[in-house]
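S.K.: For reference, this is input.pdb, and it has PDB, C-alpha atoms.
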```
ATOM      1  CA  MET L 161     -88.955 -88.835 207.006
ATOM      2  CA  LYS L 162     -92.560 -89.271 208.148
ATOM      3  CA  THR L 163     -92.667 -85.600 209.094
ATOM      4  CA  VAL L 164     -91.503 -84.567 205.631
ATOM      5  CA  VAL L 165     -94.080 -86.813 203.943
ATOM      6  CA  GLY L 166     -96.793 -85.528 206.245
ATOM      7  CA  THR L 167     -95.864 -81.933 205.502
ATOM      8  CA  ALA L 168     -95.929 -82.645 201.769
ATOM      9  CA  ASN L 169     -99.354 -84.262 202.025
ATOM     10  CA  ASN L 170    -100.670 -81.328 204.058
ATOM     11  CA  THR L 171     -99.345 -78.890 201.471
ATOM     12  CA  LYS L 172    -100.993 -80.869 198.696
ATOM     13  CA  SER L 173    -104.294 -80.805 200.575
ATOM     14  CA  VAL L 174    -104.061 -77.054 201.060
ATOM     15  CA  LEU L 175    -103.321 -76.498 197.384
ATOM     16  CA  THR L 176    -106.192 -78.792 196.377
ATOM     17  CA  PHE L 177    -108.588 -76.831 198.584
ATOM     18  CA  ALA L 178    -107.189 -73.574 197.202
ATOM     19  CA  ASP L 179    -107.818 -74.806 193.665
ATOM     20  CA  PHE L 180    -111.357 -75.819 194.603
ATOM     21  CA  LYS L 181    -111.987 -72.304 195.889
ATOM     22  CA  GLU L 182    -110.491 -70.864 192.703
ATOM     23  CA  ILE L 183    -112.385 -73.090 190.270
ATOM     24  CA  THR L 184    -115.682 -72.374 192.048
ATOM     25  CA  LYS L 185    -114.859 -68.688 192.702
ATOM     26  CA  SER L 186    -115.625 -69.132 196.384
ATOM     27  CA  ARG L 187    -115.937 -65.442 197.290
ATOM     28  CA  LEU L 188    -118.437 -64.862 194.490
ATOM     29  CA  ALA L 189    -120.278 -68.065 195.382
ATOM     30  CA  LEU L 190    -120.531 -67.073 199.048
ATOM     31  CA  SER L 191    -121.895 -63.648 198.117
ATOM     32  CA  VAL L 192    -124.530 -65.400 196.007
ATOM     33  CA  VAL L 193    -125.397 -67.673 198.930
ATOM     34  CA  PHE L 194    -125.760 -64.575 201.121
ATOM     35  CA  SER L 195    -128.210 -63.051 198.613
ATOM     36  CA  SER L 196    -130.207 -66.281 198.474
ATOM     37  CA  LEU L 197    -130.444 -66.521 202.253
ATOM     38  CA  ALA L 198    -131.543 -62.889 202.451
ATOM     39  CA  GLY L 199    -134.288 -63.592 199.922
ATOM     40  CA  TYR L 200    -135.361 -66.658 201.912
ATOM     41  CA  LEU L 201    -135.612 -64.687 205.152
ATOM     42  CA  LEU L 202    -137.726 -62.055 203.405
ATOM     43  CA  GLY L 203    -140.142 -64.627 202.030
ATOM     44  CA  ALA L 204    -140.346 -67.129 204.866
ATOM     45  CA  TYR L 205    -143.315 -67.210 207.232
ATOM     46  CA  GLU L 206    -141.233 -69.408 209.530
ATOM     47  CA  VAL L 207    -137.486 -69.938 209.260
ATOM     48  CA  ASN L 208    -136.539 -73.595 208.774
ATOM     49  CA  PRO L 209    -132.841 -74.266 209.521
ATOM     50  CA  LEU L 210    -132.783 -77.331 207.244
ATOM     51  CA  SER L 211    -134.167 -75.270 204.360
ATOM     52  CA  LEU L 212    -131.504 -72.631 204.953
ATOM     53  CA  LEU L 213    -128.820 -75.323 204.866
ATOM     54  CA  LEU L 214    -130.176 -76.863 201.654
ATOM     55  CA  LEU L 215    -130.426 -73.446 200.034
ATOM     56  CA  ALA L 216    -126.886 -72.498 201.032
ATOM     57  CA  PHE L 217    -125.425 -75.815 199.887
ATOM     58  CA  GLY L 218    -127.443 -75.949 196.678
ATOM     59  CA  GLY L 219    -126.735 -72.308 195.890
ATOM     60  CA  TYR L 220    -122.989 -72.748 196.328
ATOM     61  CA  CYS L 221    -123.024 -75.849 194.144
ATOM     62  CA  MET L 222    -124.932 -74.097 191.360
ATOM     63  CA  VAL L 223    -122.620 -71.077 191.316
ATOM     64  CA  GLY L 224    -119.539 -73.245 191.693
ATOM     65  CA  ALA L 225    -120.651 -75.460 188.815
ATOM     66  CA  SER L 226    -121.285 -72.441 186.581
ATOM     67  CA  ASN L 227    -117.825 -71.066 187.291
ATOM     68  CA  ALA L 228    -116.159 -74.435 186.747
ATOM     69  CA  PHE L 229    -117.926 -74.917 183.397
ATOM     70  CA  ASN L 230    -116.923 -71.373 182.472
ATOM     71  CA  GLN L 231    -113.260 -71.981 183.249
ATOM     72  CA  VAL L 232    -113.223 -75.192 181.210
ATOM     73  CA  ILE L 233    -114.706 -73.384 178.209
ATOM     74  CA  GLU L 234    -112.414 -70.355 178.537
ATOM     75  CA  LYS L 235    -109.205 -72.118 179.576
ATOM     76  CA  ASP L 236    -107.270 -70.972 176.478
ATOM     77  CA  LEU L 237    -108.462 -67.379 176.843
ATOM     78  CA  ASP L 238    -107.752 -67.396 180.588
ATOM     79  CA  ALA L 239    -104.136 -68.247 179.796
ATOM     80  CA  LEU L 240    -103.821 -64.946 177.905
ATOM     81  CA  MET L 241    -104.937 -62.650 180.721
ATOM     82  CA  ASN L 242    -102.938 -61.618 183.773
ATOM     83  CA  ARG L 243    -105.817 -61.955 186.220
ATOM     84  CA  THR L 244    -106.773 -65.476 185.107
ATOM     85  CA  ARG L 245    -103.593 -67.176 183.901
ATOM     86  CA  ASN L 246    -102.947 -68.636 187.372
ATOM     87  CA  ARG L 247    -106.329 -70.328 187.545
ATOM     88  CA  PRO L 248    -106.088 -74.113 188.086
ATOM     89  CA  ILE L 249    -106.642 -75.182 184.450
ATOM     90  CA  PRO L 250    -104.422 -72.727 182.516
ATOM     91  CA  ALA L 251    -101.752 -73.063 185.217
ATOM     92  CA  GLY L 252    -101.764 -76.837 184.765
ATOM     93  CA  ARG L 253    -102.774 -77.716 188.324
ATOM     94  CA  MET L 254    -106.109 -79.210 187.235
ATOM     95  CA  SER L 255    -107.102 -80.983 184.026
ATOM     96  CA  SER L 256    -110.147 -79.946 182.027
ATOM     97  CA  ASN L 257    -111.641 -83.409 182.565
ATOM     98  CA  LYS L 258    -111.279 -83.112 186.327
ATOM     99  CA  ALA L 259    -112.849 -79.651 186.316
ATOM    100  CA  MET L 260    -115.692 -80.858 184.082
ATOM    101  CA  THR L 261    -116.343 -83.806 186.384
ATOM    102  CA  LEU L 262    -116.420 -81.493 189.385
ATOM    103  CA  ALA L 263    -118.838 -79.154 187.581
ATOM    104  CA  ILE L 264    -121.203 -82.007 186.678
ATOM    105  CA  ILE L 265    -121.180 -83.401 190.220
ATOM    106  CA  MET L 266    -121.877 -79.962 191.688
ATOM    107  CA  THR L 267    -124.693 -79.402 189.185
ATOM    108  CA  ILE L 268    -126.367 -82.660 190.233
ATOM    109  CA  LEU L 269    -125.887 -81.977 193.935
ATOM    110  CA  GLY L 270    -127.145 -78.417 193.525
ATOM    111  CA  VAL L 271    -130.260 -79.331 191.555
ATOM    112  CA  VAL L 272    -131.140 -82.162 193.953
ATOM    113  CA  SER L 273    -130.659 -79.928 197.014
ATOM    114  CA  LEU L 274    -132.822 -77.186 195.577
ATOM    115  CA  TYR L 275    -135.422 -79.697 194.349
ATOM    116  CA  ILE L 276    -135.834 -80.950 197.914
ATOM    117  CA  LEU L 277    -136.886 -77.402 198.783
ATOM    118  CA  ASN L 278    -139.311 -77.257 195.852
ATOM    119  CA  PRO L 279    -139.247 -77.851 192.072
ATOM    120  CA  LYS L 280    -139.486 -74.144 191.173
ATOM    121  CA  THR L 281    -136.274 -73.389 193.058
ATOM    122  CA  ALA L 282    -134.467 -76.214 191.257
ATOM    123  CA  MET L 283    -135.805 -74.985 187.917
ATOM    124  CA  PHE L 284    -134.521 -71.436 188.426
ATOM    125  CA  GLY L 285    -131.182 -72.789 189.612
ATOM    126  CA  ALA L 286    -130.872 -74.935 186.483
ATOM    127  CA  ILE L 287    -131.849 -72.005 184.259
ATOM    128  CA  SER L 288    -129.122 -69.956 185.912
ATOM    129  CA  ILE L 289    -126.441 -72.530 185.082
ATOM    130  CA  PHE L 290    -127.679 -72.905 181.497
ATOM    131  CA  LEU L 291    -127.759 -69.176 180.766
ATOM    132  CA  TYR L 292    -124.390 -68.502 182.363
ATOM    133  CA  THR L 293    -122.617 -71.403 180.694
ATOM    134  CA  SER L 294    -124.339 -71.804 177.352
ATOM    135  CA  VAL L 295    -125.348 -68.241 176.476
ATOM    136  CA  TYR L 296    -123.389 -65.655 178.488
ATOM    137  CA  THR L 297    -119.982 -67.352 178.239
ATOM    138  CA  PRO L 298    -119.929 -67.753 174.415
ATOM    139  CA  LEU L 299    -121.258 -64.225 173.904
ATOM    140  CA  LYS L 300    -118.466 -62.547 175.901
ATOM    141  CA  THR L 301    -116.092 -62.531 172.923
ATOM    142  CA  LYS L 302    -118.792 -61.488 170.460
ATOM    143  CA  THR L 303    -120.823 -58.607 171.860
ATOM    144  CA  PRO L 304    -121.109 -56.313 174.902
ATOM    145  CA  LEU L 305    -124.736 -57.471 175.076
ATOM    146  CA  SER L 306    -123.381 -60.539 176.843
ATOM    147  CA  VAL L 307    -123.490 -58.472 180.037
ATOM    148  CA  PHE L 308    -127.274 -58.171 179.721
ATOM    149  CA  VAL L 309    -127.573 -61.940 179.348
ATOM    150  CA  GLY L 310    -125.192 -62.543 182.247
ATOM    151  CA  ALA L 311    -127.209 -60.203 184.435
ATOM    152  CA  ILE L 312    -130.134 -62.643 184.322
ATOM    153  CA  PRO L 313    -128.464 -65.574 186.125
ATOM    154  CA  GLY L 314    -126.657 -63.015 188.261
ATOM    155  CA  ALA L 315    -129.983 -61.595 189.457
ATOM    156  CA  ILE L 316    -131.615 -64.946 190.233
ATOM    157  CA  PRO L 317    -130.107 -65.612 193.723
ATOM    158  CA  PHE L 318    -131.967 -62.866 195.641
ATOM    159  CA  MET L 319    -135.187 -63.992 193.976
ATOM    160  CA  LEU L 320    -134.324 -67.674 194.424
ATOM    161  CA  GLY L 321    -134.390 -67.381 198.203
ATOM    162  CA  TRP L 322    -137.957 -66.082 198.177
ATOM    163  CA  VAL L 323    -139.072 -68.883 195.839
ATOM    164  CA  ALA L 324    -137.303 -71.431 198.063
ATOM    165  CA  ALA L 325    -139.245 -70.154 201.072
ATOM    166  CA  THR L 326    -142.663 -69.844 199.422
ATOM    167  CA  ASN L 327    -142.685 -72.127 196.361
ATOM    168  CA  ASN L 328    -144.202 -69.167 194.567
ATOM    169  CA  PHE L 329    -143.045 -66.695 191.920
ATOM    170  CA  GLY L 330    -144.872 -63.374 191.897
ATOM    171  CA  ILE L 331    -144.300 -59.658 192.202
ATOM    172  CA  GLU L 332    -142.211 -60.046 195.374
ATOM    173  CA  PRO L 333    -139.426 -62.241 193.961
ATOM    174  CA  GLY L 334    -139.780 -60.382 190.673
ATOM    175  CA  THR L 335    -138.942 -57.139 192.483
ATOM    176  CA  LEU L 336    -135.950 -58.741 194.199
ATOM    177  CA  PHE L 337    -134.797 -59.974 190.799
ATOM    178  CA  MET L 338    -135.041 -56.510 189.267
ATOM    179  CA  ILE L 339    -133.101 -54.868 192.107
ATOM    180  CA  GLN L 340    -130.144 -57.199 191.664
ATOM    181  CA  PHE L 341    -130.501 -57.166 187.868
ATOM    182  CA  PHE L 342    -130.027 -53.398 187.574
ATOM    183  CA  TRP L 343    -127.340 -53.352 190.285
ATOM    184  CA  GLN L 344    -125.128 -55.626 188.244
ATOM    185  CA  PHE L 345    -124.565 -53.147 185.420
ATOM    186  CA  PRO L 346    -122.798 -50.385 187.374
ATOM    187  CA  HIS L 347    -121.013 -53.027 189.448
ATOM    188  CA  PHE L 348    -119.751 -55.097 186.534
ATOM    189  CA  TRP L 349    -119.001 -52.196 184.202
ATOM    190  CA  ALA L 350    -116.911 -50.550 186.929
ATOM    191  CA  LEU L 351    -114.983 -53.828 187.228
ATOM    192  CA  ALA L 352    -114.717 -54.169 183.453
ATOM    193  CA  TRP L 353    -113.439 -50.583 183.250
ATOM    194  CA  MET L 354    -110.558 -51.482 185.572
ATOM    195  CA  LEU L 355    -109.794 -54.710 183.693
ATOM    196  CA  ASP L 356    -110.482 -53.523 180.156
ATOM    197  CA  GLU L 357    -106.898 -53.879 178.904
ATOM    198  CA  ASP L 358    -106.668 -57.394 180.319
ATOM    199  CA  TYR L 359    -110.088 -58.336 178.915
ATOM    200  CA  GLN L 360    -108.934 -57.213 175.482
ATOM    201  CA  LYS L 361    -106.082 -59.746 175.605
ATOM    202  CA  GLY L 362    -108.700 -62.479 175.830
ATOM    203  CA  GLY L 363    -110.922 -60.869 173.208
ATOM    204  CA  PHE L 364    -113.720 -60.099 175.655
ATOM    205  CA  LYS L 365    -116.103 -57.257 174.811
ATOM    206  CA  MET L 366    -117.476 -56.197 178.186
ATOM    207  CA  LEU L 367    -117.957 -52.398 178.174
ATOM    208  CA  PRO L 368    -121.237 -51.189 176.596
ATOM    209  CA  THR L 369    -119.540 -48.819 174.144
ATOM    210  CA  GLY L 370    -116.385 -50.911 173.874
ATOM    211  CA  LYS L 371    -114.398 -48.044 175.392
ATOM    212  CA  LYS L 372    -113.674 -46.378 178.725
ATOM    213  CA  ASP L 373    -115.515 -43.240 177.672
ATOM    214  CA  LYS L 374    -118.364 -40.937 178.645
ATOM    215  CA  GLY L 375    -120.889 -43.215 176.942
ATOM    216  CA  THR L 376    -120.030 -46.091 179.253
ATOM    217  CA  ALA L 377    -120.066 -43.771 182.287
ATOM    218  CA  ILE L 378    -123.493 -42.410 181.321
ATOM    219  CA  GLN L 379    -124.909 -45.926 181.089
ATOM    220  CA  ILE L 380    -123.459 -46.717 184.512
ATOM    221  CA  ILE L 381    -125.246 -43.651 185.903
ATOM    222  CA  MET L 382    -128.554 -44.520 184.235
ATOM    223  CA  TYR L 383    -128.601 -48.100 185.514
ATOM    224  CA  THR L 384    -127.683 -46.893 188.994
ATOM    225  CA  ILE L 385    -130.694 -44.569 188.944
ATOM    226  CA  TRP L 386    -132.981 -47.453 187.929
ATOM    227  CA  MET L 387    -131.464 -49.580 190.693
ATOM    228  CA  ILE L 388    -132.217 -46.885 193.281
ATOM    229  CA  ILE L 389    -135.813 -46.463 192.111
ATOM    230  CA  ILE L 390    -136.588 -50.181 192.198
ATOM    231  CA  SER L 391    -134.840 -50.639 195.553
ATOM    232  CA  VAL L 392    -137.260 -48.249 197.286
ATOM    233  CA  ILE L 393    -140.452 -49.201 195.416
ATOM    234  CA  PRO L 394    -141.557 -51.668 198.150
ATOM    235  CA  ALA L 395    -142.006 -48.669 200.471
ATOM    236  CA  PHE L 396    -145.039 -47.645 198.381
ATOM    237  CA  GLY L 397    -147.021 -50.792 199.213
ATOM    238  CA  ILE L 398    -147.349 -52.081 195.649
ATOM    239  CA  THR L 399    -145.144 -55.178 195.862
ATOM    240  CA  GLY L 400    -147.360 -57.638 197.705
ATOM    241  CA  ARG L 401    -145.819 -59.099 200.860
ATOM    242  CA  LEU L 402    -142.498 -57.423 200.159
ATOM    243  CA  HIS L 403    -142.660 -54.359 202.380
ATOM    244  CA  LEU L 404    -140.163 -51.640 203.275
ATOM    245  CA  SER L 405    -140.675 -49.060 205.999
ATOM    246  CA  ILE L 406    -140.094 -45.388 205.295
ATOM    247  CA  PRO L 407    -136.973 -45.178 207.527
ATOM    248  CA  ALA L 408    -135.498 -48.254 205.806
ATOM    249  CA  ALA L 409    -136.313 -46.794 202.392
ATOM    250  CA  VAL L 410    -134.549 -43.546 203.340
ATOM    251  CA  ILE L 411    -131.443 -45.483 204.391
ATOM    252  CA  ILE L 412    -131.413 -47.419 201.114
ATOM    253  CA  LEU L 413    -132.010 -44.215 199.157
ATOM    254  CA  ILE L 414    -129.024 -42.544 200.828
ATOM    255  CA  MET L 415    -126.823 -45.571 200.108
ATOM    256  CA  GLY L 416    -127.958 -45.522 196.509
ATOM    257  CA  LEU L 417    -127.214 -41.814 196.180
ATOM    258  CA  VAL L 418    -123.703 -42.438 197.517
ATOM    259  CA  MET L 419    -123.204 -45.049 194.815
ATOM    260  CA  LEU L 420    -124.625 -42.626 192.238
ATOM    261  CA  PHE L 421    -122.151 -39.980 193.411
ATOM    262  CA  PHE L 422    -119.267 -42.320 192.623
ATOM    263  CA  GLY L 423    -120.854 -43.004 189.254
ATOM    264  CA  PHE L 424    -120.708 -39.269 188.512
ATOM    265  CA  ARG L 425    -117.115 -39.194 189.726
ATOM    266  CA  LEU L 426    -116.269 -41.856 187.159
ATOM    267  CA  PHE L 427    -118.044 -39.807 184.491
ATOM    268  CA  GLU L 428    -115.972 -36.780 185.498
ATOM    269  CA  LYS L 429    -112.540 -38.412 185.825
ATOM    270  CA  ARG L 430    -112.834 -41.554 183.695
ATOM    271  CA  ASP L 431    -109.902 -43.301 185.397
ATOM    272  CA  ASN L 432    -109.322 -46.710 186.956
ATOM    273  CA  LYS L 433    -109.136 -45.286 190.471
ATOM    274  CA  SER L 434    -112.673 -43.908 190.211
ATOM    275  CA  ALA L 435    -113.895 -47.183 188.703
ATOM    276  CA  ARG L 436    -112.379 -49.134 191.582
ATOM    277  CA  LYS L 437    -114.078 -46.911 194.159
ATOM    278  CA  LEU L 438    -117.423 -47.377 192.408
ATOM    279  CA  MET L 439    -116.936 -51.134 192.265
ATOM    280  CA  LEU L 440    -116.162 -51.342 195.991
ATOM    281  CA  ILE L 441    -119.090 -49.086 196.874
ATOM    282  CA  SER L 442    -121.395 -51.256 194.760
ATOM    283  CA  VAL L 443    -120.358 -54.370 196.704
ATOM    284  CA  SER L 444    -121.093 -52.570 199.968
ATOM    285  CA  TYR L 445    -124.428 -51.351 198.605
ATOM    286  CA  ILE L 446    -125.846 -54.750 197.631
ATOM    287  CA  THR L 447    -124.812 -56.332 200.928
ATOM    288  CA  LEU L 448    -126.065 -53.518 203.146
ATOM    289  CA  MET L 449    -129.257 -53.115 201.131
ATOM    290  CA  GLN L 450    -130.138 -56.780 201.637
ATOM    291  CA  LEU L 451    -129.342 -56.509 205.340
ATOM    292  CA  VAL L 452    -131.595 -53.451 205.662
ATOM    293  CA  TYR L 453    -134.447 -55.332 203.958
ATOM    294  CA  VAL L 454    -134.080 -58.323 206.281
ATOM    295  CA  ILE L 455    -133.654 -56.287 209.480
ATOM    296  CA  ASP L 456    -136.603 -54.079 208.521
ATOM    297  CA  LYS L 457    -138.833 -57.140 208.159
ATOM    298  CA  PHE L 458    -138.018 -58.513 211.596
ATOM    299  CA  LEU L 459    -138.095 -55.215 213.523
TER     300      LEU L 459
END
```
Would you write out, as structure tokens, the structure that this file holds?
M.R.:
Amino acid sequence: MKTVVGTANNTKSVLTFADFKEITKSRLALSVVFSSLAGYLLGAYEVNPLSLLLLAFGGYCMVGASNAFNQVIEKDLDALMNRTRNRPIPAGRMSSNKAMTLAIIMTILGVVSLYILNPKTAMFGAISIFLYTSVYTPLKTKTPLSVFVGAIPGAIPFMLGWVAATNNFGIEPGTLFMIQFFWQFPHFWALAWMLDEDYQKGGFKMLPTGKKDKGTAIQIIMYTIWMIIISVIPAFGITGRLHLSIPAAVIILIMGLVMLFFGFRLFEKRDNKSARKLMLISVSYITLMQLVYVIDKFL
């Protein structure tokens, strides 16, 4: 009997942890933490392990809170879409009040953790939550321009790490912001292309033209080109302390051209398979690009 009860309790704990990961979108949150840590390493004169820990914890809390708020607001729409109907709230495994409480607690913990680093970092973290929750989320059912608004909080993490390390906002974190800002458009529009039919069930307007057409593919290509240009600009010595060697710039340029190639493939074929390949390549690009920046600094 004790074994059965113990097994049941263990199962409940696993499910609770699984729901926590789902409500905070753990994979997305961890990728954001990775971007923040990369930005910190680029900006830091000396690496402080405690600062890294505070940044990682605070960053996860801020992203997790944003996603939890988002899922509370969109719970009825999530229930209409295949990819979201099994989320904790629409599936009935978590109440809206519980999710809201979790979001508020994570917001407080995140702001406090980032404030310990410095007030500017906490301010940008708070701005990120506000824009994502109060501006981007309501706009998703009204206009495709919501993606532009959502790209702002989405671009903050890379920049946030530099600000956390230096307590300064200048051309260096501004450049990091712009790299991740422009990257988000081909990445997200490729994802939205794949999920367009499901998004329509929830009334979300995510593609720039509203359709999976050449116009959307052209915009994906154009934003990819801007992303490539900004990613290699630090090699020209005009971005303050943010430097990039010529070999590193060549590597990033090649990676960007690979991503651009898949953008042209989507323009040519305009199918979900091509969109999926572009989306996966974009994930690889942002991760490898940040690694190249960090490794280049310390070599």
S.K.: Rounded to one decimal in Å, what is the spacing between CA of Val454 (chain L) and CA of Leu202 (chain L)?
M.R.: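 Distance between the two atoms: 6.0 Å.
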S.K.: Measuring atom to atom with all atoms listed in the file, identify which of L:Pro407, L:Ser255, L:Thr326, L:Pro317 is nearest to Ser191 (chain L).
M.R.: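 Closest to Ser191 (chain L) of all the choices is L:Pro317.
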S.K.: What is the distance between CA of Leu237 (chain L) and CA of Leu188 (chain L), in Å to one decimal?
M.R.: 20.4 Å
S.K.: To one decimal place, how far is CA of Met319 (chain L) from CA of Leu336 (chain L) in Å?
M.R.: 5.3 Å
S.K.: Let me make sure I understand: among L:Ile316, L:Leu355, L:Leu426, L:Val418, which one has the smallest atom-to-atom distance to Asp373 (chain L) if we use all atoms listed in the file?
M.R.: L:Leu426
S.K.: Any chance you could work out the residue set of the PyMOL selection byres ((chain L and resi 262) around 10) here, as a PyMOL selection string?
M.R.: chain L and resi 180+183-184+221+224-225+228-229+256-261+263-267
S.K.: Could you name the residues that touch region 409-411 of chain L at 12 Å or less, counting all atoms listed in the file, but leaving out those on the same chain fewer than 6 positions away, as an mmCIF file with C-alpha atoms, in the coordinates of the input?
M.R.:
```cif
data_model
loop_
_atom_site.group_PDB
_atom_site.id
_atom_site.type_symbol
_atom_site.label_atom_id
_atom_site.label_comp_id
_atom_site.auth_asym_id
_atom_site.auth_seq_id
_atom_site.Cartn_x
_atom_site.Cartn_y
_atom_site.Cartn_z
ATOM 1 C CA ILE L 388 -132.217 -46.885 193.281
ATOM 2 C CA ILE L 389 -135.813 -46.463 192.111
ATOM 3 C CA ILE L 390 -136.588 -50.181 192.198
ATOM 4 C CA SER L 391 -134.840 -50.639 195.553
ATOM 5 C CA VAL L 392 -137.260 -48.249 197.286
ATOM 6 C CA ILE L 393 -140.452 -49.201 195.416
ATOM 7 C CA PRO L 394 -141.557 -51.668 198.150
ATOM 8 C CA ALA L 395 -142.006 -48.669 200.471
ATOM 9 C CA PHE L 396 -145.039 -47.645 198.381
ATOM 10 C CA GLY L 397 -147.021 -50.792 199.213
ATOM 11 C CA HIS L 403 -142.660 -54.359 202.380
ATOM 12 C CA LEU L 417 -127.214 -41.814 196.180
ATOM 13 C CA VAL L 418 -123.703 -42.438 197.517
ATOM 14 C CA TYR L 445 -124.428 -51.351 198.605
ATOM 15 C CA LEU L 448 -126.065 -53.518 203.146
ATOM 16 C CA MET L 449 -129.257 -53.115 201.131
ATOM 17 C CA GLN L 450 -130.138 -56.780 201.637
ATOM 18 C CA LEU L 451 -129.342 -56.509 205.340
ATOM 19 C CA VAL L 452 -131.595 -53.451 205.662
ATOM 20 C CA TYR L 453 -134.447 -55.332 203.958
ATOM 21 C CA ASP L 456 -136.603 -54.079 208.521
#
```
S.K.: Extract, using only C-alpha atoms, all DNA, RNA and protein residues at most 8 Å from Ile289 (chain L), discarding same-chain residues fewer than 6 positions from it, and format them as number ranges by chain.
M.R.: L: 222-223, 225-226, 313
S.K.: For each of L:Ser442, L:Leu299, L:Ala325, L:Leu190, take the minimum atom-to-atom distance to Asn208 (chain L), counting only C-alpha atoms, then give the residue where this is smallest.
M.R.: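 Looking at the shortest contact to Asn208 (chain L), the residue is L:Ala325.
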S.K.: Suppose a student applies the PyMOL selection byres ((chain L and resi 292) around 12) to this structure; what residues should they get, written as a PyMOL selection string?
M.R.: chain L and resi 222-231+233+285-291+293-300+306-316
S.K.: Evaluate the PyMOL selection byres ((chain L and resi 357) around 12) against this structure - the residues, as a count of residues only, please.
M.R.: 24
S.K.: May I ask which of the residues L:Met387, L:Ala251, L:Val207, L:Leu320 is the closest one to Leu413 (chain L), counting all atoms listed in the file?
M.R.: L:Met387
S.K.: Which is closest to Ser186 (chain L) among L:Gly203, L:Gly219, L:His347, L:Val323, if we use all atoms listed in the file?
M.R.: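 Closest to Ser186 (chain L), using all atoms listed in the file: L:Gly219.
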S.K.: Go through L:Val192, L:Thr369, L:Ile414, L:Leu402 one by one, measure the shortest atom-to-atom distance of each to Trp322 (chain L) using all atoms listed in the file, and give the residue with the smallest value.
M.R.: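 Result for the nearest residue to Trp322 (chain L): L:Leu402.
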S.K.: Mind dumping region 200-204 of chain L from that block, keeping all heavy atoms, as a PDB file, in the first residue's frame?
M.R.:
```
ATOM      1  N   TYR L 200      26.800  38.524 -21.254  1.00  0.00           N
ATOM      2  CA  TYR L 200      27.581  38.840 -20.052  1.00  0.00           C
ATOM      3  C   TYR L 200      29.063  38.567 -20.307  1.00  0.00           C
ATOM      4  O   TYR L 200      29.919  39.398 -19.970  1.00  0.00           O
ATOM      5  CB  TYR L 200      27.083  38.005 -18.872  1.00  0.00           C
ATOM      6  CG  TYR L 200      27.908  38.196 -17.612  1.00  0.00           C
ATOM      7  CD1 TYR L 200      27.546  39.157 -16.676  1.00  0.00           C
ATOM      8  CD2 TYR L 200      29.050  37.427 -17.377  1.00  0.00           C
ATOM      9  CE1 TYR L 200      28.313  39.349 -15.527  1.00  0.00           C
ATOM     10  CE2 TYR L 200      29.818  37.611 -16.241  1.00  0.00           C
ATOM     11  CZ  TYR L 200      29.444  38.572 -15.311  1.00  0.00           C
ATOM     12  OH  TYR L 200      30.212  38.765 -14.190  1.00  0.00           O
ATOM     13  N   LEU L 201      29.361  37.401 -20.861  1.00  0.00           N
ATOM     14  CA  LEU L 201      30.759  37.040 -21.104  1.00  0.00           C
ATOM     15  C   LEU L 201      31.422  38.008 -22.075  1.00  0.00           C
ATOM     16  O   LEU L 201      32.612  38.306 -21.960  1.00  0.00           O
ATOM     17  CB  LEU L 201      30.840  35.613 -21.639  1.00  0.00           C
ATOM     18  CG  LEU L 201      30.445  34.514 -20.640  1.00  0.00           C
ATOM     19  CD1 LEU L 201      30.410  33.152 -21.338  1.00  0.00           C
ATOM     20  CD2 LEU L 201      31.397  34.488 -19.456  1.00  0.00           C
ATOM     21  N   LEU L 202      30.658  38.532 -23.029  1.00  0.00           N
ATOM     22  CA  LEU L 202      31.216  39.492 -23.972  1.00  0.00           C
ATOM     23  C   LEU L 202      31.523  40.824 -23.300  1.00  0.00           C
ATOM     24  O   LEU L 202      32.486  41.499 -23.650  1.00  0.00           O
ATOM     25  CB  LEU L 202      30.234  39.710 -25.136  1.00  0.00           C
ATOM     26  CG  LEU L 202      30.070  38.551 -26.113  1.00  0.00           C
ATOM     27  CD1 LEU L 202      28.965  38.857 -27.119  1.00  0.00           C
ATOM     28  CD2 LEU L 202      31.375  38.271 -26.846  1.00  0.00           C
ATOM     29  N   GLY L 203      30.694  41.204 -22.339  1.00  0.00           N
ATOM     30  CA  GLY L 203      30.867  42.508 -21.707  1.00  0.00           C
ATOM     31  C   GLY L 203      31.772  42.511 -20.495  1.00  0.00           C
ATOM     32  O   GLY L 203      32.345  43.548 -20.151  1.00  0.00           O
ATOM     33  N   ALA L 204      31.908  41.381 -19.835  1.00  0.00           N
ATOM     34  CA  ALA L 204      32.608  41.344 -18.551  1.00  0.00           C
ATOM     35  C   ALA L 204      34.115  41.540 -18.695  1.00  0.00           C
ATOM     36  O   ALA L 204      34.741  40.953 -19.580  1.00  0.00           O
ATOM     37  CB  ALA L 204      32.324  40.016 -17.850  1.00  0.00           C
TER      38      ALA L 204
END
```
